[in-house]
Amino acid sequence: MKKQRALLIIKPDGVQRGLIGKIVSRFEQVGLKIIGLKFEWANKEKIIAHYPETDAWFAKVGQRTLTNYAKKGLDAKKVFNTDKDVEIGKIVKSWLVDYMQESPVFLAVVEGYDAIEIVRKLSGNTIPVLANPGTIRGDFSHDTIDLANEQNRPLRNIIHASDTVEDGEKEVNLWFKEDELFDYKLAGEKFMYSLK
Ligand code: ATP
Ligand code: MG
């Protein structure tokens with residue numbers, strides 16, 4: 001069985017609230033191996049390249065707003081001048097470019113079996129009010145879509161975590177050079193995986 005790699009980004013709200021240590025320790029304590037760590041003040045091009053540019057991704061992001069607005073009886077047109085999911089997704093991406101440059105971000109690459117599912121589980125639902133207690137977003141944030149959209153900004157949800165194996169590879173290659181990643185054995189691996 002092959003190990004997977006996931007990129008984690010502690011977003012500006014996580015960095016500014018002094019949560020780096022607490023968040024990194026959650027991935028360490030579950031047994032994932034940290035193979036890269038660094039701080040970076042990202043530029044616009046990097047953030048545009050990081051978040052997908054596909055209609056499928058824009059639609060997913062826009063649908064989040066539309067579902068939440070429908071639940072609360074709000075009109076997306078008032079904020080976005082459109083109720084088309086792809087168009088809303090594109091506007092949210094433009095907000096992400098500003099948000100992710102508000103301060104340096106903290107980056108980590110973690111490796112392990114089923115690492116992608118594990119980092120998503122530990123991060124919790126994208127929408128903080130729906131993220132379960134015990135998850136990073138559930139424990140450290142409480143932002144809502146309608147407040148965020150009304151203020152023309154994305155949800156402040158502390159962390160990014162790769163959500164597919166392919167995205168994990170792509171994102172690790174975007175943010176890290178080969179010589180910033182470390183191939184080594186952790187003492188605990190012998191006990192976690194009964195390796196000889
Ligand atoms: P991330 O990619 O940051 O790990 P995610 O995979 O859970 O988050 P995506 O759908 O990739 O969620 O959205 C990227 C980020 O864009 C979210 O983490 C959030 O900050 C913001 N976002 C997504 N949808 C909305 C929305 N409808 N309104 C405001 N912000 C949003
Ligand atoms: Mg995502």
# chains A, B, ... in the order shown; residues from 1 in each chain; ligands from 1
call {"tool": "residues_near_ligand", "arguments": {"ligand": "ligand 1", "cutoff": "9 Å", "atoms": "only C-alpha atoms and all ligand atoms", "output": "number ranges by chain"}}
result
A: 8-9, 11, 50-52, 57-58, 60-68, 88-89, 92-93, 95-96, 99, 120, 123-127, 144-149, 152-163
call {"tool": "write_last_selection", "arguments": {"atoms": "C-alpha atoms", "output": "PDB file, in the first residue's frame"}}
result
ATOM      1  CA  LEU A   8      -1.725  21.792   4.884  1.00  0.00           C
ATOM      2  CA  ILE A   9      -1.852  25.574   5.000  1.00  0.00           C
ATOM      3  CA  LYS A  11      -4.305  30.391   6.816  1.00  0.00           C
ATOM      4  CA  HIS A  50      -3.324  26.922  -5.736  1.00  0.00           C
ATOM      5  CA  TYR A  51      -7.119  27.116  -5.924  1.00  0.00           C
ATOM      6  CA  PRO A  52      -8.681  25.308  -8.901  1.00  0.00           C
ATOM      7  CA  TRP A  57     -14.839  23.818  -8.418  1.00  0.00           C
ATOM      8  CA  PHE A  58     -16.465  27.242  -8.932  1.00  0.00           C
ATOM      9  CA  LYS A  60     -19.139  23.650  -5.717  1.00  0.00           C
ATOM     10  CA  VAL A  61     -18.082  26.871  -3.989  1.00  0.00           C
ATOM     11  CA  GLY A  62     -21.084  28.814  -5.355  1.00  0.00           C
ATOM     12  CA  GLN A  63     -23.467  26.043  -4.301  1.00  0.00           C
ATOM     13  CA  ARG A  64     -22.273  26.422  -0.720  1.00  0.00           C
ATOM     14  CA  THR A  65     -23.516  29.992  -0.740  1.00  0.00           C
ATOM     15  CA  LEU A  66     -26.759  29.149  -2.546  1.00  0.00           C
ATOM     16  CA  THR A  67     -27.613  26.271  -0.182  1.00  0.00           C
ATOM     17  CA  ASN A  68     -26.922  28.414   2.862  1.00  0.00           C
ATOM     18  CA  ILE A  88     -20.402  33.154  -7.343  1.00  0.00           C
ATOM     19  CA  GLY A  89     -17.485  30.686  -7.149  1.00  0.00           C
ATOM     20  CA  VAL A  92     -15.194  33.871  -3.872  1.00  0.00           C
ATOM     21  CA  LYS A  93     -11.883  32.889  -5.506  1.00  0.00           C
ATOM     22  CA  TRP A  95     -11.676  37.128  -2.297  1.00  0.00           C
ATOM     23  CA  LEU A  96      -9.426  34.160  -1.422  1.00  0.00           C
ATOM     24  CA  TYR A  99      -7.441  36.731   2.370  1.00  0.00           C
ATOM     25  CA  ARG A 120      -9.852  16.214   5.859  1.00  0.00           C
ATOM     26  CA  SER A 123      -9.810  19.693   9.551  1.00  0.00           C
ATOM     27  CA  GLY A 124     -13.612  19.346   9.637  1.00  0.00           C
ATOM     28  CA  ASN A 125     -16.375  20.800   7.476  1.00  0.00           C
ATOM     29  CA  THR A 126     -15.437  23.807   5.322  1.00  0.00           C
ATOM     30  CA  ILE A 127     -18.215  25.824   6.986  1.00  0.00           C
ATOM     31  CA  THR A 144     -20.754  31.833   8.791  1.00  0.00           C
ATOM     32  CA  ILE A 145     -21.257  32.037   5.022  1.00  0.00           C
ATOM     33  CA  ASP A 146     -23.761  34.874   5.137  1.00  0.00           C
ATOM     34  CA  LEU A 147     -21.573  37.097   7.315  1.00  0.00           C
ATOM     35  CA  ALA A 148     -18.510  36.328   5.184  1.00  0.00           C
ATOM     36  CA  ASN A 149     -20.310  36.971   1.885  1.00  0.00           C
ATOM     37  CA  ASN A 152     -17.152  40.385   0.639  1.00  0.00           C
ATOM     38  CA  ARG A 153     -14.668  37.862   1.969  1.00  0.00           C
ATOM     39  CA  PRO A 154     -14.272  34.092   2.123  1.00  0.00           C
ATOM     40  CA  LEU A 155     -15.042  32.006   5.178  1.00  0.00           C
ATOM     41  CA  ARG A 156     -12.244  32.273   7.713  1.00  0.00           C
ATOM     42  CA  ASN A 157     -11.725  28.641   8.515  1.00  0.00           C
ATOM     43  CA  ILE A 158      -8.129  28.418   9.786  1.00  0.00           C
ATOM     44  CA  ILE A 159      -6.752  25.665   7.598  1.00  0.00           C
ATOM     45  CA  HIS A 160      -6.485  24.309   4.073  1.00  0.00           C
ATOM     46  CA  ALA A 161      -6.059  20.577   3.562  1.00  0.00           C
ATOM     47  CA  SER A 162      -5.680  18.806   0.197  1.00  0.00           C
ATOM     48  CA  ASP A 163      -8.860  16.957  -0.675  1.00  0.00           C
TER      49      ASP A 163
END
call {"tool": "select_by_dssp", "arguments": {"residues": "range 18-118 of chain A", "states": "strand (DSSP E)", "output": "list in words"}}
result
Lys33, Ile34, Ile35, Gly36, Leu37, Lys38, Phe39, Glu40, Val105, Phe106, Leu107, Ala108, Val109, Val110, Glu111 and Gly112 of chain A
call {"tool": "closest_residue", "arguments": {"among": "A:Lys77, A:Val105, A:Gly168, A:Lys84", "to": "ligand 2", "atoms": "only C-alpha atoms and all ligand atoms"}}
result
A:Gly168
call {"tool": "select_by_dssp", "arguments": {"residues": "range 62-141 of chain A", "states": "alpha helix (DSSP H)", "output": "tab-separated table (two decimals) with N, CA, C and O atoms, in the first residue's frame"}}
result
chain	number	residue	atom	x	y	z
A	62	GLY	N	-19.86	28.00	-5.22
A	62	GLY	CA	-21.08	28.81	-5.36
A	62	GLY	C	-22.28	28.12	-4.72
A	62	GLY	O	-23.12	28.76	-4.08
A	63	GLN	N	-22.35	26.80	-4.88
A	63	GLN	CA	-23.47	26.04	-4.30
A	63	GLN	C	-23.50	26.16	-2.78
A	63	GLN	O	-24.57	26.17	-2.17
A	64	ARG	N	-22.32	26.26	-2.18
A	64	ARG	CA	-22.27	26.42	-0.72
A	64	ARG	C	-23.04	27.67	-0.30
A	64	ARG	O	-23.82	27.67	0.64
A	65	THR	N	-22.79	28.75	-1.04
A	65	THR	CA	-23.52	29.99	-0.74
A	65	THR	C	-25.01	29.82	-1.01
A	65	THR	O	-25.85	30.18	-0.17
A	66	LEU	N	-25.34	29.25	-2.17
A	66	LEU	CA	-26.76	29.15	-2.55
A	66	LEU	C	-27.53	28.27	-1.56
A	66	LEU	O	-28.66	28.60	-1.18
A	67	THR	N	-26.93	27.16	-1.13
A	67	THR	CA	-27.61	26.27	-0.18
A	67	THR	C	-27.84	27.00	1.15
A	67	THR	O	-28.92	26.95	1.73
A	68	ASN	N	-26.80	27.70	1.59
A	68	ASN	CA	-26.92	28.41	2.86
A	68	ASN	C	-27.94	29.55	2.77
A	68	ASN	O	-28.74	29.76	3.69
A	69	TYR	N	-27.92	30.27	1.65
A	69	TYR	CA	-28.87	31.38	1.48
A	69	TYR	C	-30.30	30.86	1.41
A	69	TYR	O	-31.21	31.48	1.97
A	70	ALA	N	-30.50	29.71	0.71
A	70	ALA	CA	-31.85	29.15	0.60
A	70	ALA	C	-32.37	28.78	2.00
A	70	ALA	O	-33.52	29.05	2.35
A	71	LYS	N	-31.48	28.22	2.80
A	71	LYS	CA	-31.86	27.82	4.17
A	71	LYS	C	-32.28	29.03	5.00
A	71	LYS	O	-33.19	28.97	5.81
A	72	LYS	N	-31.62	30.16	4.77
A	72	LYS	CA	-31.89	31.35	5.58
A	72	LYS	C	-32.81	32.36	4.89
A	72	LYS	O	-33.02	33.47	5.40
A	76	ALA	N	-28.98	35.75	-3.01
A	76	ALA	CA	-27.57	35.85	-3.40
A	76	ALA	C	-27.31	37.06	-4.30
A	76	ALA	O	-26.21	37.63	-4.29
A	77	LYS	N	-28.32	37.45	-5.07
A	77	LYS	CA	-28.14	38.56	-6.02
A	77	LYS	C	-27.77	39.86	-5.30
A	77	LYS	O	-27.08	40.71	-5.86
A	78	LYS	N	-28.22	40.00	-4.05
A	78	LYS	CA	-27.94	41.25	-3.32
A	78	LYS	C	-26.44	41.42	-3.09
A	78	LYS	O	-25.93	42.54	-3.07
A	79	VAL	N	-25.73	40.33	-2.87
A	79	VAL	CA	-24.29	40.42	-2.62
A	79	VAL	C	-23.51	40.23	-3.91
A	79	VAL	O	-22.52	40.93	-4.17
A	80	PHE	N	-23.91	39.26	-4.73
A	80	PHE	CA	-23.09	38.84	-5.88
A	80	PHE	C	-23.58	39.41	-7.23
A	80	PHE	O	-22.92	39.22	-8.24
A	85	ASP	N	-24.16	29.65	-9.79
A	85	ASP	CA	-23.13	29.09	-8.89
A	85	ASP	C	-21.70	29.33	-9.38
A	85	ASP	O	-20.82	29.73	-8.60
A	86	VAL	N	-21.45	29.13	-10.69
A	86	VAL	CA	-20.08	29.29	-11.20
A	86	VAL	C	-19.61	30.75	-11.03
A	86	VAL	O	-18.46	31.00	-10.62
A	87	GLU	N	-20.49	31.69	-11.28
A	87	GLU	CA	-20.11	33.11	-11.15
A	87	GLU	C	-19.82	33.45	-9.68
A	87	GLU	O	-18.87	34.18	-9.38
A	88	ILE	N	-20.63	32.91	-8.78
A	88	ILE	CA	-20.40	33.15	-7.34
A	88	ILE	C	-19.04	32.55	-6.95
A	88	ILE	O	-18.24	33.18	-6.25
A	89	GLY	N	-18.77	31.34	-7.45
A	89	GLY	CA	-17.48	30.69	-7.15
A	89	GLY	C	-16.30	31.52	-7.60
A	89	GLY	O	-15.29	31.62	-6.91
A	90	LYS	N	-16.43	32.16	-8.77
A	90	LYS	CA	-15.32	32.99	-9.27
A	90	LYS	C	-15.10	34.21	-8.36
A	90	LYS	O	-13.96	34.62	-8.11
A	91	ILE	N	-16.19	34.78	-7.87
A	91	ILE	CA	-16.06	35.94	-6.98
A	91	ILE	C	-15.39	35.52	-5.65
A	91	ILE	O	-14.48	36.18	-5.15
A	92	VAL	N	-15.81	34.35	-5.13
A	92	VAL	CA	-15.19	33.87	-3.87
A	92	VAL	C	-13.70	33.64	-4.09
A	92	VAL	O	-12.88	33.99	-3.25
A	93	LYS	N	-13.32	33.11	-5.26
A	93	LYS	CA	-11.88	32.89	-5.51
A	93	LYS	C	-11.12	34.22	-5.49
A	93	LYS	O	-10.02	34.30	-4.95
A	94	SER	N	-11.73	35.27	-6.04
A	94	SER	CA	-11.02	36.57	-6.02
A	94	SER	C	-10.85	37.07	-4.58
A	94	SER	O	-9.84	37.68	-4.24
A	95	TRP	N	-11.82	36.75	-3.71
A	95	TRP	CA	-11.68	37.13	-2.30
A	95	TRP	C	-10.57	36.31	-1.62
A	95	TRP	O	-9.86	36.80	-0.75
A	96	LEU	N	-10.45	35.02	-2.03
A	96	LEU	CA	-9.43	34.16	-1.42
A	96	LEU	C	-8.02	34.72	-1.68
A	96	LEU	O	-7.13	34.61	-0.84
A	97	VAL	N	-7.84	35.35	-2.83
A	97	VAL	CA	-6.53	35.90	-3.18
A	97	VAL	C	-6.12	36.96	-2.16
A	97	VAL	O	-4.97	37.01	-1.71
A	98	ASP	N	-7.08	37.79	-1.74
A	98	ASP	CA	-6.76	38.82	-0.74
A	98	ASP	C	-6.56	38.21	0.66
A	98	ASP	O	-5.61	38.53	1.36
A	99	TYR	N	-7.49	37.36	1.03
A	99	TYR	CA	-7.44	36.73	2.37
A	99	TYR	C	-6.10	36.02	2.60
A	99	TYR	O	-5.45	36.21	3.63
A	115	ALA	N	-3.62	9.43	4.05
A	115	ALA	CA	-3.37	10.75	4.65
A	115	ALA	C	-4.43	11.78	4.23
A	115	ALA	O	-4.81	12.64	5.04
A	116	ILE	N	-4.92	11.69	2.99
A	116	ILE	CA	-5.89	12.70	2.53
A	116	ILE	C	-7.17	12.64	3.36
A	116	ILE	O	-7.64	13.66	3.87
A	117	GLU	N	-7.71	11.43	3.50
A	117	GLU	CA	-8.95	11.32	4.29
A	117	GLU	C	-8.72	11.75	5.73
A	117	GLU	O	-9.59	12.35	6.36
A	118	ILE	N	-7.54	11.44	6.24
A	118	ILE	CA	-7.27	11.78	7.64
A	118	ILE	C	-7.16	13.31	7.83
A	118	ILE	O	-7.75	13.86	8.75
A	119	VAL	N	-6.46	13.98	6.91
A	119	VAL	CA	-6.33	15.44	7.11
A	119	VAL	C	-7.68	16.14	6.94
A	119	VAL	O	-7.97	17.12	7.62
A	120	ARG	N	-8.52	15.61	6.03
A	120	ARG	CA	-9.85	16.21	5.86
A	120	ARG	C	-10.70	15.99	7.12
A	120	ARG	O	-11.43	16.86	7.56
A	121	LYS	N	-10.60	14.78	7.67
A	121	LYS	CA	-11.37	14.47	8.88
A	121	LYS	C	-10.93	15.38	10.04
A	121	LYS	O	-11.78	15.94	10.75
A	122	LEU	N	-9.62	15.53	10.21
A	122	LEU	CA	-9.14	16.37	11.33
A	122	LEU	C	-9.47	17.85	11.10
A	122	LEU	O	-9.67	18.59	12.06
A	123	SER	N	-9.52	18.28	9.84
A	123	SER	CA	-9.81	19.69	9.55
A	123	SER	C	-11.28	20.02	9.79
A	123	SER	O	-11.61	21.09	10.28
A	136	ILE	N	-10.39	20.74	13.71
A	136	ILE	CA	-9.69	22.03	13.83
A	136	ILE	C	-10.65	23.19	13.57
A	136	ILE	O	-10.70	24.15	14.35
A	137	ARG	N	-11.42	23.09	12.49
A	137	ARG	CA	-12.36	24.17	12.21
A	137	ARG	C	-13.47	24.24	13.26
A	137	ARG	O	-13.91	25.34	13.64
A	138	GLY	N	-13.91	23.09	13.75
A	138	GLY	CA	-14.96	23.07	14.77
A	138	GLY	C	-14.48	23.65	16.09
A	138	GLY	O	-15.25	24.31	16.80
A	139	ASP	N	-13.24	23.43	16.42
A	139	ASP	CA	-12.73	23.89	17.72
A	139	ASP	C	-12.23	25.33	17.71
A	139	ASP	O	-12.20	25.98	18.75
A	140	PHE	N	-11.78	25.81	16.54
A	140	PHE	CA	-11.08	27.10	16.54
A	140	PHE	C	-11.75	28.19	15.71
A	140	PHE	O	-11.20	29.28	15.55
call {"tool": "closest_residue", "arguments": {"among": "A:Leu107, A:Ile35, A:Ala6, A:Ala42", "to": "ligand 2", "atoms": "only C-alpha atoms and all ligand atoms"}}
result
A:Ala6
